[in-house]
Amino acid sequence: MHLLRNPRVFLPLLLISCLFLASPAEAKKLKVMTTLADFASLAQTIGGDHVEAESIAKGYQDPHFVEAKPSFILKLHDADMLVVAGLELEIGYLPPLLDQARNEKIRPTGAGYLDASVGCDILDRPTGQVTRAMGDVHPYGNPHFWLDPNNGRVIARAIAAKLAALDPAGAADYAKNLAGFEAKLTAAEARWTARLAPFKNAKIVTYHSSWPNFAKAFSLDVVGYLEPKPGIPPTPQHKLEIINLMNAQKVPLILMEVYFDRKDPDFVAGKTGAEVVMMPPSVGGEPAAKDYISLFDVDVEKIASALAKKK
Ligand SMILES: [Zn+2]
């Protein structure tokens with residue numbers, strides 16, 4: 001005992017024990033990088049204290065056109081796992097970042113790579129030859145598939161399995177966190193479906209084709225887009241066609257992703273009497289959409305309250 005009362009012995013011992021107590025827990029955190037904020041939210045929910053998840057794209061940015069900032073190279077170099085949407089959503093910025101990051105673990109062939117689209121319900125799959133004609137940015141099917149809560153469930157399960165494979169010691173925690181998330185999601189789905197039930201098959205027009213999975217999940221009918229093709233800005237001719245279509249079919253809503261300019265939606269709304277609803281398509285797209293489940297809370301409520309006014 002008296003040895004420990006001696007500061008010359010005690011202080012170095014204390015320092016050493018602090019180092020040993022503090023560092024292993026810190027050092028063991030898995031670094032999960034994701035392209036989308038939605039995947040980072042799911043990875044953090046499933047990984048809990050074992051992981052540190054961060055996305056490259058923020059929820060208020062167009063996920064097709066993300067700046068390949070050099071700061072991401074170091075983060076990707078240090079990452080244990082990478083979650084991507086696939087379907088060439090990240091074709092414009094991820095390949096050069098991965099080349100420079102020099103981290104085999106998170107390359108498509110590496111153990112830490114997860115393509116979130118695998119196993120999900122992917123819509124608008126091409127039936128013929130794949131082409132990027134006219135700048136179509138959805139050549140392999142619609143890459144906004146995370147906007148279907150059941151796809152969120154599939155992605156969460158894939159993340160849990162991947163985390164368990166990379167870190168078997170944490171497997172029980174990942175399974176527990178996944179079960180907790182699925183229970184919350186199932187309860188939330190019942191709430192969202194009930195909120196939108198009075199507006200079954202309501203017709204909507206959207207700016208970009210971000211919402212086919214969302215519309216399918218909640219029985220909404222997307223009848224047109226402000227973009228003539230995904231990734232191509234509205235042309236005068238196309239705006240005229242959309243105005244005619246909306247007037248003929250009495251379409252009450254135009255959904256627009258938060259990162260587009262309001263000018264064209266407002267113009268079309270002015271000619272049709274429709275309402276423009278700003279929708280966050282990803283976690284962080286607006287402050288209230290702080291995680292995967294609250295993203296849907298926000299979007300469902302925006303559509304329901306706008307349609308209720310139009311009824
Ligand atoms: Zn898109």
# chains A, B, ... in the order shown; residues from 1 in each chain; ligands from 1
call {"tool": "residues_near_ligand", "arguments": {"ligand": "ligand 1", "cutoff": "10 Å", "atoms": "only C-alpha atoms and all ligand atoms", "output": "list in words"}}
result
Asp62, Pro63, His64, Phe65, Leu89, Asp136, Val137, His138, Pro139, Gly141, Asn142, Pro143, His144, Phe145, His208, Ser209, Ser210, Trp211, Lys229, Pro230 and Gly231 of chain A
call {"tool": "residues_around", "arguments": {"residues": "Asp121 in chain A", "least_positions_apart": "5", "cutoff": "10 Å", "atoms": "only C-alpha atoms", "output": "JSON, numbers by chain"}}
result
{"A": [142, 145, 146, 148, 150, 151, 154, 213]}
call {"tool": "select_by_dssp", "arguments": {"residues": "range 166-237 of chain A", "states": "strand (DSSP E or B)", "output": "NGL selection string"}}
result
:A and (203-206 or 221-225 or 229 or 232)
call {"tool": "residues_around", "arguments": {"residues": "Leu178 in chain A", "least_positions_apart": "5", "cutoff": "7 Å", "atoms": "only C-alpha atoms", "output": "JSON, numbers by chain"}}
result
{"A": [46, 156, 157, 160]}
call {"tool": "closest_atom_pairs", "arguments": {"of": "range 12-108 of chain A", "to": "range 290-301 of chain A", "cutoff": "7 Å", "atoms": "only C-alpha atoms", "output": "JSON lines"}}
result
{"residue": "A:Asp38", "atom": "CA", "partner": "A:Tyr292", "partner_atom": "CA", "distance": 5.9}
{"residue": "A:Ser41", "atom": "CA", "partner": "A:Asp291", "partner_atom": "CA", "distance": 5.6}
{"residue": "A:Leu42", "atom": "CA", "partner": "A:Tyr292", "partner_atom": "CA", "distance": 6.7}
